[in-house]
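Undergrad: protein-v4.cif is the file, holding mmCIF, C-alpha atoms and all ligand atoms:
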```cif
data_my_file
loop_
_atom_site.label_atom_id
_atom_site.label_comp_id
_atom_site.auth_asym_id
_atom_site.auth_seq_id
_atom_site.Cartn_x
_atom_site.Cartn_y
_atom_site.Cartn_z
CA MET Z 20 -129.59 136.65 -47.24
CA THR Z 21 -127.10 135.08 -44.85
CA VAL Z 22 -128.86 132.73 -42.44
CA THR Z 23 -127.22 132.21 -39.06
CA ARG Z 24 -128.98 129.16 -37.64
CA GLY Z 25 -129.72 129.50 -33.94
CA LEU Z 26 -128.34 133.06 -34.17
CA GLU Z 27 -124.94 131.61 -33.21
CA GLY Z 28 -122.38 134.36 -32.74
CA VAL Z 29 -124.89 137.10 -33.61
CA VAL Z 30 -124.53 140.15 -31.38
CA ALA Z 31 -128.11 141.35 -30.96
CA THR Z 32 -127.79 144.05 -28.29
CA THR Z 33 -125.44 145.85 -25.97
CA SER Z 34 -125.79 145.15 -22.25
CA SER Z 35 -124.00 146.23 -19.08
CA ILE Z 36 -125.37 143.39 -16.93
CA SER Z 37 -123.13 140.37 -17.47
CA SER Z 38 -120.40 139.32 -19.86
CA ILE Z 39 -118.81 136.11 -21.10
CA ILE Z 40 -115.37 136.85 -22.50
CA ASP Z 41 -112.80 134.09 -23.08
CA ASP Z 42 -114.83 131.70 -20.92
CA THR Z 43 -114.86 134.15 -17.99
CA LEU Z 44 -118.28 135.12 -16.66
CA THR Z 45 -118.73 138.44 -14.88
CA TYR Z 46 -121.76 140.18 -13.39
CA ALA Z 47 -121.26 143.93 -13.89
CA GLY Z 48 -117.50 143.44 -13.80
CA TYR Z 49 -117.33 140.99 -10.88
CA ASP Z 50 -115.90 137.56 -11.67
CA ILE Z 51 -118.37 134.77 -10.96
CA ASP Z 52 -115.62 132.90 -9.06
CA ASP Z 53 -115.36 135.81 -6.66
CA LEU Z 54 -119.13 136.14 -6.25
CA ALA Z 55 -119.71 132.39 -5.85
CA VAL Z 56 -117.40 132.32 -2.85
CA ASN Z 57 -118.28 135.64 -1.24
CA ALA Z 58 -121.67 137.07 -2.23
CA SER Z 59 -125.18 136.66 -0.92
CA PHE Z 60 -127.91 136.28 -3.51
CA GLU Z 61 -129.48 139.55 -2.34
CA GLU Z 62 -126.19 141.35 -3.11
CA VAL Z 63 -126.19 139.80 -6.57
CA ILE Z 64 -129.75 140.95 -7.24
CA TYR Z 65 -128.70 144.48 -6.31
CA LEU Z 66 -125.58 144.19 -8.45
CA LEU Z 67 -127.53 143.06 -11.51
CA TRP Z 68 -130.15 145.76 -11.11
CA HIS Z 69 -127.77 148.64 -10.29
CA ARG Z 70 -124.39 147.49 -11.74
CA GLU Z 71 -122.71 148.07 -8.37
CA LEU Z 72 -122.60 146.19 -5.09
CA PRO Z 73 -124.84 147.64 -2.38
CA ASN Z 74 -123.56 149.35 0.74
CA LYS Z 75 -124.92 148.08 4.08
CA GLN Z 76 -127.93 150.36 4.06
CA GLN Z 77 -128.85 149.60 0.44
CA LEU Z 78 -128.57 145.88 1.10
CA GLU Z 79 -130.72 146.08 4.23
CA GLU Z 80 -133.32 148.06 2.31
CA LEU Z 81 -133.44 145.50 -0.50
CA LYS Z 82 -133.62 142.59 1.95
CA GLN Z 83 -136.48 144.30 3.74
CA GLN Z 84 -138.33 144.91 0.48
CA LEU Z 85 -137.87 141.27 -0.52
CA VAL Z 86 -139.20 139.82 2.75
CA GLU Z 87 -142.07 142.31 2.88
CA ASN Z 88 -143.19 141.28 -0.60
CA ALA Z 89 -142.53 137.55 -0.31
CA ALA Z 90 -146.06 136.37 0.51
CA LEU Z 91 -148.46 135.46 -2.30
CA PRO Z 92 -151.92 137.00 -2.72
CA LYS Z 93 -154.57 134.56 -1.47
CA GLU Z 94 -156.01 134.25 -5.00
CA VAL Z 95 -152.69 132.87 -6.24
CA ILE Z 96 -152.43 130.42 -3.33
CA GLU Z 97 -156.00 129.25 -3.94
CA HIS Z 98 -155.52 128.79 -7.67
CA PHE Z 99 -153.18 125.82 -7.05
CA ASN Z 100 -156.30 123.85 -6.06
CA MET Z 101 -158.09 124.72 -9.27
CA TYR Z 102 -156.25 122.45 -11.71
CA PRO Z 103 -155.03 118.82 -11.72
CA ILE Z 104 -151.89 119.73 -9.81
CA GLN Z 105 -150.52 116.16 -9.71
CA LYS Z 106 -150.25 116.06 -13.50
CA VAL Z 107 -148.72 119.47 -13.97
CA HIS Z 108 -145.02 120.14 -14.38
CA PRO Z 109 -143.93 122.78 -11.83
CA MET Z 110 -142.43 124.92 -14.61
CA ALA Z 111 -145.86 125.07 -16.27
CA ALA Z 112 -147.38 125.94 -12.89
CA LEU Z 113 -144.76 128.63 -12.32
CA ARG Z 114 -145.37 130.09 -15.78
CA SER Z 115 -149.11 130.30 -15.10
CA ALA Z 116 -148.70 131.61 -11.55
CA VAL Z 117 -146.45 134.47 -12.68
CA SER Z 118 -148.96 135.37 -15.35
CA LEU Z 119 -151.72 135.23 -12.73
CA LEU Z 120 -149.74 137.45 -10.35
CA GLY Z 121 -149.83 140.12 -13.04
CA LEU Z 122 -153.64 140.12 -12.86
CA TYR Z 123 -153.51 141.10 -9.18
CA ASP Z 124 -150.90 143.82 -9.60
CA ASP Z 125 -152.53 147.22 -10.03
CA GLU Z 126 -149.32 148.53 -11.56
CA ALA Z 127 -148.96 145.68 -14.08
CA ASP Z 128 -149.44 147.88 -17.14
CA LEU Z 129 -147.69 151.01 -15.90
CA MET Z 130 -144.51 151.58 -17.87
CA ASP Z 131 -142.53 154.18 -15.90
CA THR Z 132 -139.11 153.25 -14.48
CA GLU Z 133 -140.18 153.47 -10.83
CA SER Z 134 -143.22 151.21 -11.13
CA ASN Z 135 -141.24 148.73 -13.25
CA TYR Z 136 -138.61 148.58 -10.48
CA ARG Z 137 -141.32 148.03 -7.86
CA LYS Z 138 -142.72 145.17 -9.98
CA ALA Z 139 -139.23 143.69 -10.24
CA ILE Z 140 -138.99 143.62 -6.42
CA ARG Z 141 -142.44 142.08 -6.06
CA LEU Z 142 -141.78 139.38 -8.66
CA GLN Z 143 -138.33 138.49 -7.38
CA ALA Z 144 -139.71 138.33 -3.84
CA LYS Z 145 -142.62 136.06 -4.74
CA MET Z 146 -140.89 133.50 -6.96
CA PRO Z 147 -139.74 131.26 -4.05
CA ALA Z 148 -143.23 131.29 -2.52
CA ILE Z 149 -144.78 130.21 -5.83
CA VAL Z 150 -142.42 127.24 -6.16
CA ALA Z 151 -142.68 126.25 -2.49
CA THR Z 152 -146.46 126.62 -2.36
CA PHE Z 153 -146.94 124.52 -5.49
CA ALA Z 154 -144.60 121.86 -4.09
CA ARG Z 155 -146.52 121.66 -0.81
CA VAL Z 156 -150.06 121.86 -2.18
CA ARG Z 157 -149.45 118.97 -4.57
CA LYS Z 158 -148.44 116.84 -1.58
CA GLY Z 159 -151.56 117.83 0.33
CA LEU Z 160 -149.53 120.02 2.70
CA GLU Z 161 -150.43 123.49 3.94
CA PRO Z 162 -148.49 126.37 2.37
CA ILE Z 163 -146.00 128.01 4.70
CA ALA Z 164 -145.84 131.79 4.97
CA PRO Z 165 -142.40 133.38 4.54
CA ARG Z 166 -140.50 134.53 7.66
CA GLN Z 167 -139.31 138.09 8.09
CA ASP Z 168 -136.09 137.08 9.85
CA LEU Z 169 -134.60 134.72 7.26
CA ASN Z 170 -132.48 135.58 4.25
CA PHE Z 171 -133.66 134.79 0.71
CA ALA Z 172 -132.05 131.34 0.44
CA ALA Z 173 -133.09 130.24 3.94
CA ASN Z 174 -136.64 131.52 3.51
CA PHE Z 175 -137.03 129.54 0.31
CA LEU Z 176 -135.96 126.31 2.01
CA TYR Z 177 -138.12 127.12 5.02
CA MET Z 178 -141.23 127.65 2.85
CA LEU Z 179 -140.46 124.41 1.03
CA THR Z 180 -139.90 122.19 4.07
CA GLY Z 181 -141.45 123.98 7.05
CA LYS Z 182 -138.19 123.56 8.95
CA GLU Z 183 -135.42 125.99 9.64
CA PRO Z 184 -132.74 124.81 7.19
CA ALA Z 185 -129.23 123.69 8.17
CA PRO Z 186 -126.49 126.27 7.48
CA ILE Z 187 -124.90 124.02 4.83
CA ALA Z 188 -128.22 123.82 2.95
CA VAL Z 189 -128.56 127.61 3.05
CA GLU Z 190 -124.97 127.96 1.83
CA ALA Z 191 -125.61 125.54 -1.04
CA ILE Z 192 -128.83 127.20 -2.18
CA ASN Z 193 -127.33 130.67 -1.87
CA LYS Z 194 -124.36 129.59 -4.00
CA ALA Z 195 -126.63 128.00 -6.61
CA LEU Z 196 -128.77 131.17 -6.74
CA VAL Z 197 -125.66 133.34 -7.18
CA LEU Z 198 -124.30 131.08 -9.93
CA HIS Z 199 -127.56 130.94 -11.93
CA ALA Z 200 -128.56 134.60 -11.66
CA ASP Z 201 -127.57 135.92 -15.07
CA HIS Z 202 -125.87 134.78 -18.22
CA GLU Z 203 -125.74 137.40 -20.95
CA LEU Z 204 -128.12 136.73 -23.85
CA ASN Z 205 -129.13 133.12 -23.13
CA ALA Z 206 -132.35 131.84 -24.69
CA SER Z 207 -134.73 132.73 -21.84
CA THR Z 208 -133.24 136.19 -21.34
CA PHE Z 209 -133.43 136.84 -25.06
CA THR Z 210 -137.07 135.70 -24.95
CA ALA Z 211 -137.80 138.17 -22.15
CA ARG Z 212 -136.15 140.98 -24.09
CA VAL Z 213 -137.97 140.14 -27.34
CA CYS Z 214 -141.26 140.17 -25.45
CA VAL Z 215 -140.83 143.49 -23.66
CA ALA Z 216 -139.25 145.14 -26.72
CA THR Z 217 -142.81 145.32 -28.08
CA LEU Z 218 -143.42 147.47 -24.97
CA SER Z 219 -145.34 144.66 -23.38
CA ASP Z 220 -145.30 144.46 -19.57
CA VAL Z 221 -142.86 142.95 -17.05
CA TYR Z 222 -145.14 140.00 -16.20
CA SER Z 223 -145.44 139.06 -19.87
CA GLY Z 224 -141.65 139.19 -20.25
CA VAL Z 225 -141.03 136.91 -17.26
CA THR Z 226 -143.84 134.53 -18.23
CA ALA Z 227 -142.33 134.15 -21.70
CA ALA Z 228 -138.87 133.63 -20.22
CA ILE Z 229 -140.08 130.85 -17.92
CA GLY Z 230 -141.45 129.08 -20.98
CA ALA Z 231 -138.05 129.25 -22.67
CA LEU Z 232 -136.14 128.12 -19.57
CA LYS Z 233 -138.36 125.04 -19.24
CA GLY Z 234 -136.88 123.25 -22.26
CA PRO Z 235 -134.23 120.54 -21.72
CA LEU Z 236 -131.71 122.25 -24.01
CA HIS Z 237 -131.73 125.16 -21.52
CA GLY Z 238 -132.78 125.18 -17.84
CA GLY Z 239 -134.68 121.92 -18.07
CA ALA Z 240 -131.35 120.11 -18.44
CA ASN Z 241 -130.80 119.87 -14.66
CA GLU Z 242 -133.89 117.70 -14.19
CA ALA Z 243 -132.85 115.65 -17.25
CA VAL Z 244 -129.40 115.11 -15.68
CA MET Z 245 -131.00 113.74 -12.52
CA LYS Z 246 -133.22 111.47 -14.60
CA MET Z 247 -130.11 110.15 -16.33
CA LEU Z 248 -128.24 109.62 -13.05
CA THR Z 249 -131.25 107.77 -11.63
CA GLU Z 250 -131.50 105.58 -14.74
CA ILE Z 251 -127.79 104.75 -14.53
CA GLY Z 252 -128.14 103.93 -10.84
CA THR Z 253 -124.69 102.43 -10.15
CA LEU Z 254 -121.08 103.24 -10.90
CA GLU Z 255 -120.70 100.06 -12.98
CA ASN Z 256 -123.51 101.15 -15.30
CA VAL Z 257 -121.98 104.52 -16.14
CA GLU Z 258 -119.56 103.35 -18.82
CA PRO Z 259 -121.96 101.18 -20.89
CA TYR Z 260 -124.85 103.66 -20.51
CA ILE Z 261 -122.90 106.73 -21.63
CA ARG Z 262 -121.01 104.93 -24.41
CA LYS Z 263 -124.28 103.60 -25.83
CA LYS Z 264 -125.81 107.06 -25.82
CA LEU Z 265 -122.77 108.49 -27.59
CA GLU Z 266 -122.80 105.67 -30.17
CA ASN Z 267 -126.48 106.43 -30.81
CA LYS Z 268 -125.57 110.11 -31.23
CA GLU Z 269 -127.81 111.04 -28.31
CA LYS Z 270 -126.98 114.13 -26.29
CA ILE Z 271 -125.68 113.77 -22.76
CA MET Z 272 -127.62 116.25 -20.66
CA GLY Z 273 -125.57 118.79 -18.74
CA PHE Z 274 -122.74 118.89 -21.30
CA GLY Z 275 -121.87 121.36 -24.03
CA HIS Z 276 -122.56 125.04 -24.38
CA ARG Z 277 -123.22 127.51 -27.14
CA VAL Z 278 -120.68 130.05 -25.86
CA TYR Z 279 -118.12 128.34 -23.61
CA ARG Z 280 -115.39 126.37 -25.31
CA LYS Z 281 -112.93 125.44 -22.56
CA GLY Z 282 -115.64 125.07 -19.91
CA ASP Z 283 -118.40 126.67 -17.89
CA PRO Z 284 -116.78 128.47 -14.91
CA ARG Z 285 -119.88 127.84 -12.77
CA ALA Z 286 -119.63 124.06 -12.98
CA LYS Z 287 -116.60 123.69 -10.69
CA HIS Z 288 -118.38 125.42 -7.80
CA LEU Z 289 -121.33 123.07 -8.08
CA ARG Z 290 -119.00 120.10 -8.50
CA GLU Z 291 -117.32 120.98 -5.21
CA MET Z 292 -120.69 121.45 -3.50
CA SER Z 293 -121.93 118.15 -4.93
CA LYS Z 294 -118.93 116.33 -3.45
CA LYS Z 295 -119.48 117.91 -0.05
CA LEU Z 296 -123.23 117.32 0.09
CA THR Z 297 -123.26 113.78 -1.28
CA GLU Z 298 -120.66 112.82 1.34
CA LEU Z 299 -122.78 114.41 4.06
CA THR Z 300 -125.94 112.58 2.97
CA GLY Z 301 -124.06 109.28 2.72
CA GLU Z 302 -124.82 109.02 -1.01
CA PRO Z 303 -121.42 109.72 -2.59
CA HIS Z 304 -122.33 107.59 -5.62
CA TRP Z 305 -124.24 110.51 -7.18
CA TYR Z 306 -121.04 112.55 -7.22
CA ASP Z 307 -118.83 109.60 -8.19
CA MET Z 308 -121.12 108.71 -11.08
CA SER Z 309 -121.15 112.33 -12.22
CA VAL Z 310 -117.35 112.51 -12.16
CA GLN Z 311 -117.13 109.31 -14.19
CA ILE Z 312 -119.63 110.63 -16.76
CA GLU Z 313 -117.61 113.84 -17.00
CA GLY Z 314 -114.46 111.81 -17.67
CA ILE Z 315 -116.06 109.91 -20.55
CA VAL Z 316 -117.86 112.85 -22.17
CA THR Z 317 -114.88 115.19 -21.99
CA GLY Z 318 -112.60 112.40 -23.22
CA GLU Z 319 -114.79 111.27 -26.12
CA LYS Z 320 -116.50 114.50 -27.17
CA LYS Z 321 -114.33 117.25 -25.67
CA LEU Z 322 -117.52 118.65 -24.19
CA PRO Z 323 -117.17 120.02 -20.63
CA PRO Z 324 -120.05 120.02 -18.12
CA ASN Z 325 -122.25 123.09 -17.94
CA VAL Z 326 -124.00 124.69 -14.95
CA ASP Z 327 -126.83 122.14 -15.07
CA PHE Z 328 -124.69 119.04 -14.63
CA TYR Z 329 -123.54 119.14 -10.99
CA SER Z 330 -126.51 121.24 -9.86
CA ALA Z 331 -128.62 118.09 -10.24
CA SER Z 332 -126.78 116.12 -7.53
CA VAL Z 333 -126.56 119.26 -5.37
CA TYR Z 334 -130.34 119.76 -5.37
CA HIS Z 335 -130.99 116.05 -4.97
CA SER Z 336 -128.76 116.01 -1.88
CA LEU Z 337 -130.82 118.85 -0.42
CA GLY Z 338 -133.93 116.68 -0.74
CA VAL Z 339 -135.41 118.74 -3.58
CA ASP Z 340 -138.00 116.94 -5.76
CA HIS Z 341 -136.37 116.37 -9.12
CA ASP Z 342 -138.95 118.34 -11.09
CA LEU Z 343 -138.35 121.37 -8.85
CA MET Z 344 -134.76 121.73 -10.05
CA THR Z 345 -135.62 123.92 -13.05
CA PRO Z 346 -138.04 126.08 -11.00
CA ILE Z 347 -135.15 126.75 -8.58
CA PHE Z 348 -133.11 127.89 -11.58
CA ALA Z 349 -135.99 130.27 -12.39
CA VAL Z 350 -136.08 131.61 -8.80
CA SER Z 351 -132.52 132.75 -9.41
CA ARG Z 352 -132.63 133.67 -13.10
CA VAL Z 353 -135.63 135.95 -12.67
CA SER Z 354 -133.13 138.43 -11.19
CA GLY Z 355 -131.29 138.45 -14.52
CA TRP Z 356 -134.46 138.51 -16.59
CA LEU Z 357 -135.68 141.52 -14.63
CA ALA Z 358 -132.34 143.32 -15.03
CA HIS Z 359 -132.51 142.74 -18.79
CA ILE Z 360 -136.17 143.77 -19.00
CA LEU Z 361 -135.41 147.05 -17.22
CA GLU Z 362 -132.36 147.58 -19.45
CA GLN Z 363 -134.42 146.88 -22.57
CA TYR Z 364 -137.03 149.49 -21.59
CA GLU Z 365 -134.28 152.07 -21.01
CA ASN Z 366 -133.10 151.97 -24.61
CA ASN Z 367 -135.79 150.10 -26.49
CA ARG Z 368 -136.02 149.05 -30.08
CA LEU Z 369 -138.35 146.36 -31.43
CA ILE Z 370 -136.50 143.05 -31.95
CA ARG Z 371 -137.52 141.68 -35.30
CA PRO Z 372 -135.06 139.61 -37.36
CA ARG Z 373 -135.78 138.21 -40.83
CA ALA Z 374 -136.34 134.69 -42.16
CA GLU Z 375 -135.18 133.40 -45.53
CA TYR Z 376 -138.30 132.02 -47.18
CA THR Z 377 -138.10 128.35 -48.29
CA GLY Z 378 -141.82 127.62 -48.93
CA PRO Z 379 -143.75 127.16 -52.22
CA GLY Z 380 -143.37 129.70 -55.03
CA MET Z 381 -146.11 132.17 -56.00
CA GLN Z 382 -149.58 130.47 -56.05
CA LYS Z 383 -152.94 131.62 -57.36
CA TYR Z 384 -155.93 131.31 -55.00
CA VAL Z 385 -158.21 128.47 -56.13
CA PRO Z 386 -161.83 128.39 -54.80
CA ILE Z 387 -162.38 125.37 -52.53
CA GLU Z 388 -164.85 123.70 -54.95
CA GLN Z 389 -162.14 123.55 -57.60
CA ARG Z 390 -159.40 122.07 -55.38
CA GLY Z 391 -158.52 118.35 -55.83
C1 LIG Z 401 -128.23 126.72 -18.50
C2 LIG Z 401 -128.07 126.16 -19.83
O1 LIG Z 401 -128.90 126.38 -20.66
S1 LIG Z 401 -126.66 125.29 -20.14
C3 LIG Z 401 -127.13 124.16 -21.43
C4 LIG Z 401 -128.06 123.11 -20.90
N1 LIG Z 401 -128.40 122.13 -21.94
C5 LIG Z 401 -127.87 120.89 -21.95
O2 LIG Z 401 -127.08 120.50 -21.10
C6 LIG Z 401 -128.38 119.98 -23.03
C7 LIG Z 401 -127.23 119.24 -23.72
N2 LIG Z 401 -126.44 120.17 -24.50
C8 LIG Z 401 -126.84 120.59 -25.74
O3 LIG Z 401 -127.90 120.19 -26.24
C9 LIG Z 401 -125.98 121.59 -26.48
O4 LIG Z 401 -124.64 121.47 -26.11
C10 LIG Z 401 -126.45 123.04 -26.25
C11 LIG Z 401 -127.95 123.18 -26.53
C12 LIG Z 401 -126.20 123.47 -24.82
C13 LIG Z 401 -125.67 123.97 -27.18
O5 LIG Z 401 -126.13 123.70 -28.44
P1 LIG Z 401 -125.44 124.20 -29.79
O6 LIG Z 401 -124.46 125.26 -29.58
O7 LIG Z 401 -126.56 124.47 -30.73
O8 LIG Z 401 -124.65 122.91 -30.26
P2 LIG Z 401 -125.25 121.71 -31.10
O9 LIG Z 401 -126.46 121.13 -30.42
O10 LIG Z 401 -125.44 122.18 -32.51
O11 LIG Z 401 -124.07 120.71 -30.98
C14 LIG Z 401 -122.85 120.78 -31.76
C15 LIG Z 401 -122.29 119.37 -31.87
O12 LIG Z 401 -121.93 118.90 -30.56
C16 LIG Z 401 -122.73 117.79 -30.19
N3 LIG Z 401 -123.19 117.98 -28.82
C17 LIG Z 401 -123.50 119.14 -28.23
N4 LIG Z 401 -123.90 118.94 -26.99
C18 LIG Z 401 -123.83 117.61 -26.78
C19 LIG Z 401 -124.10 116.79 -25.68
N5 LIG Z 401 -124.54 117.30 -24.55
N6 LIG Z 401 -123.92 115.46 -25.79
C20 LIG Z 401 -123.44 114.93 -26.95
N7 LIG Z 401 -123.17 115.66 -28.03
C21 LIG Z 401 -123.37 117.00 -27.95
C22 LIG Z 401 -123.91 117.79 -31.14
O13 LIG Z 401 -124.48 116.53 -31.30
C23 LIG Z 401 -123.30 118.35 -32.38
O14 LIG Z 401 -122.58 117.32 -33.01
P3 LIG Z 401 -122.50 117.23 -34.63
O15 LIG Z 401 -121.86 118.49 -35.07
O16 LIG Z 401 -121.72 116.00 -34.84
O17 LIG Z 401 -123.94 117.11 -35.08
O1 LIG Z 402 -126.05 131.02 -21.88
C1 LIG Z 402 -126.65 130.03 -22.29
O2 LIG Z 402 -126.83 129.78 -23.50
C2 LIG Z 402 -127.20 129.04 -21.34
C3 LIG Z 402 -126.66 129.17 -19.97
O3 LIG Z 402 -125.61 128.68 -19.63
C4 LIG Z 402 -127.44 129.95 -19.00
O4 LIG Z 402 -128.48 130.50 -19.36
O5 LIG Z 402 -127.03 130.02 -17.83
#
```
Would it be possible to restate this file's structure as structure tokens?
Ligand SMILES: CC(=O)SCCNC(=O)CCNC(=O)[C@H](O)C(C)(C)COP(=O)(O)OP(=O)(O)OC[C@H]1O[C@@H](n2cnc3c(N)ncnc32)[C@H](O)[C@@H]1OP(=O)(O)O
Ligand SMILES: O=C([O-])CC(=O)C(=O)O
TA:
Amino acid sequence: MTVTRGLEGVVATTSSISSIIDDTLTYAGYDIDDLAVNASFEEVIYLLWHRELPNKQQLEELKQQLVENAALPKEVIEHFNMYPIQKVHPMAALRSAVSLLGLYDDEADLMDTESNYRKAIRLQAKMPAIVATFARVRKGLEPIAPRQDLNFAANFLYMLTGKEPAPIAVEAINKALVLHADHELNASTFTARVCVATLSDVYSGVTAAIGALKGPLHGGANEAVMKMLTEIGTLENVEPYIRKKLENKEKIMGFGHRVYRKGDPRAKHLREMSKKLTELTGEPHWYDMSVQIEGIVTGEKKLPPNVDFYSASVYHSLGVDHDLMTPIFAVSRVSGWLAHILEQYENNRLIRPRAEYTGPGMQKYVPIEQRG
């Protein structure tokens, strides 16, 4: 048996959703650089689910479906008061809330293409409300119902803060959502596909994916980056802090990637946004520190920043609680998970690799009385 640890380089499926070829990321043939500058997140959702950009009417229809389905059932809102919310990580809350949503969806276990698409709309629409409601309830604030007249990015910020967001904040969140939407067979997407390849339901697939995204080697890295920046605190501390970590062979969060070699094309868009926002908030040190860290890590380890590195200072500048950074990633990535789940159902085969056994040799059962 040949063991490929971490399945590195293993091609486990075909997919028409997104591709990473020679460090270029495309969604259904559209370069991420093009989409980051021009697309709305709603257009990207449509693109991932249909492999073509929507026309005006199709986009309006999707936007309408998303706002109409954005509110949470009252049972899901109420459940946030049923556990020790202060102690719970928002990714754990999100994972549970998505699972709970499935219990109130009459179509949860239907498997036909149309009902799966309707579930995709409902789940995509409700993800921002879950994150925003959790964030408010844990602060003792009332949840805020979504507005029908705001786009996806603006509505999310509105539900989070209760205020109509500034255009620059909407632009930043929209860009982040576009950039995080899909990424070929990353760990959480693979998890979703493994789950639904047993012909389990959409809610199970997304719940499993949220669990995989939570880890700091994947989506959880953005929160870890902000923790590191906060620990460093000043520009003078960057050099000794990072060098010590490297000497101790510790990983620097937000750097490195399993697939990209020259660099993650998404990072530069977030870098630019980080510069702009940190200047606007009068806290340019977050950006300056990040740039200095990038200089050391690329110089010493030849590891470029990934999507999680500059997203940390972007979200911080928007006033986002640090532990909500990974949930925001999930609000975007659920569009990709859903595209992959629907694609998996279309041409399904159980995903079941092998393991090379390294345990004890053949044993004979010994009754418990005779064991030492
Ligand atoms: C959205 C996303 O999921 S993007 C990734 C987010 N995750 C992070 O930012 C966490 C930090 N980065 C990492 O842990 C890794 O680079 C990963 C998980 C992204 C990729 O992991 P892998 O492809 O398995 O690489 P692996 O962890 O085996 O690293 C290979 C070598 O590079 C080193 N390395 C990789 N990333 C880093 C890092 N961030 N800091 C320091 N060294 C690193 C490893 O220590 C290892 O060195 P060695 O060969 O001397 O032991
Ligand atoms: O593709 C990966 O391994 C991780 C990643 O960058 C993502 O999921 O966006």
Undergrad: For ligand LIG 401 (chain Z), collect every residue having any atom at a distance of at most 10 Å from a ligand atom (counting all atoms listed in the file); output as a PyMOL selection string.
TA: chain Z and resi 24-28+199+201-202+205-207+231-241+243-244+261+264-279+283+316-317+319-328+345+348+352
Undergrad: Take the residues from that selection and write them out as a CSV table (one decimal), in the coordinates of the input, keeping C-alpha atoms.
TA:
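The new file out-v7.csv reads:
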```csv
chain,number,residue,atom,x,y,z
Z,24,ARG,CA,-129.0,129.2,-37.6
Z,25,GLY,CA,-129.7,129.5,-33.9
Z,26,LEU,CA,-128.3,133.1,-34.2
Z,27,GLU,CA,-124.9,131.6,-33.2
Z,28,GLY,CA,-122.4,134.4,-32.7
Z,199,HIS,CA,-127.6,130.9,-11.9
Z,201,ASP,CA,-127.6,135.9,-15.1
Z,202,HIS,CA,-125.9,134.8,-18.2
Z,205,ASN,CA,-129.1,133.1,-23.1
Z,206,ALA,CA,-132.4,131.8,-24.7
Z,207,SER,CA,-134.7,132.7,-21.8
Z,231,ALA,CA,-138.0,129.2,-22.7
Z,232,LEU,CA,-136.1,128.1,-19.6
Z,233,LYS,CA,-138.4,125.0,-19.2
Z,234,GLY,CA,-136.9,123.2,-22.3
Z,235,PRO,CA,-134.2,120.5,-21.7
Z,236,LEU,CA,-131.7,122.2,-24.0
Z,237,HIS,CA,-131.7,125.2,-21.5
Z,238,GLY,CA,-132.8,125.2,-17.8
Z,239,GLY,CA,-134.7,121.9,-18.1
Z,240,ALA,CA,-131.4,120.1,-18.4
Z,241,ASN,CA,-130.8,119.9,-14.7
Z,243,ALA,CA,-132.8,115.6,-17.2
Z,244,VAL,CA,-129.4,115.1,-15.7
Z,261,ILE,CA,-122.9,106.7,-21.6
Z,264,LYS,CA,-125.8,107.1,-25.8
Z,265,LEU,CA,-122.8,108.5,-27.6
Z,266,GLU,CA,-122.8,105.7,-30.2
Z,267,ASN,CA,-126.5,106.4,-30.8
Z,268,LYS,CA,-125.6,110.1,-31.2
Z,269,GLU,CA,-127.8,111.0,-28.3
Z,270,LYS,CA,-127.0,114.1,-26.3
Z,271,ILE,CA,-125.7,113.8,-22.8
Z,272,MET,CA,-127.6,116.2,-20.7
Z,273,GLY,CA,-125.6,118.8,-18.7
Z,274,PHE,CA,-122.7,118.9,-21.3
Z,275,GLY,CA,-121.9,121.4,-24.0
Z,276,HIS,CA,-122.6,125.0,-24.4
Z,277,ARG,CA,-123.2,127.5,-27.1
Z,278,VAL,CA,-120.7,130.0,-25.9
Z,279,TYR,CA,-118.1,128.3,-23.6
Z,283,ASP,CA,-118.4,126.7,-17.9
Z,316,VAL,CA,-117.9,112.8,-22.2
Z,317,THR,CA,-114.9,115.2,-22.0
Z,319,GLU,CA,-114.8,111.3,-26.1
Z,320,LYS,CA,-116.5,114.5,-27.2
Z,321,LYS,CA,-114.3,117.2,-25.7
Z,322,LEU,CA,-117.5,118.6,-24.2
Z,323,PRO,CA,-117.2,120.0,-20.6
Z,324,PRO,CA,-120.0,120.0,-18.1
Z,325,ASN,CA,-122.2,123.1,-17.9
Z,326,VAL,CA,-124.0,124.7,-15.0
Z,327,ASP,CA,-126.8,122.1,-15.1
Z,328,PHE,CA,-124.7,119.0,-14.6
Z,345,THR,CA,-135.6,123.9,-13.0
Z,348,PHE,CA,-133.1,127.9,-11.6
Z,352,ARG,CA,-132.6,133.7,-13.1
```
Undergrad: May I ask for the distance between atom CA of Z:His304 and atom CA of Z:Val56, given in Å to one decimal place?
TA: 25.4 Å
Undergrad: Pick from Z:Phe171, Z:Tyr364, Z:Trp305, Z:Phe209: nearest to ligand LIG 402 (chain Z), with all atoms listed in the file counted?
TA: Z:Phe209
Undergrad: Which residue is closest to Z:Thr300? Choose from Z:Leu337, Z:Ile347, Z:Ala144, Z:Ala58 and count only C-alpha atoms.
TA: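 Using only C-alpha atoms, the shortest distance to Z:Thr300 belongs to Z:Leu337.
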Undergrad: Within 10 Å of (-141.9, 133.6, -5.4), only C-alpha atoms: residues as a list in words?
TA: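 Protein, DNA and RNA residues close to (-141.9, 133.6, -5.4): Leu85, Asn88, Ala89, Ala90, Leu91, Leu113, Ala116, Val117, Arg141, Leu142, Gln143, Ala144, Lys145, Met146, Pro147, Ala148, Ile149, Val150, Ala151, Thr152, Pro165, Phe175, Ala349, Val350 and Val353 of chain Z.
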Undergrad: At what distance in Å, to one decimal, does atom CA of Z:Met178 lie from atom CA of Z:Tyr136?
TA: 25.0 Å
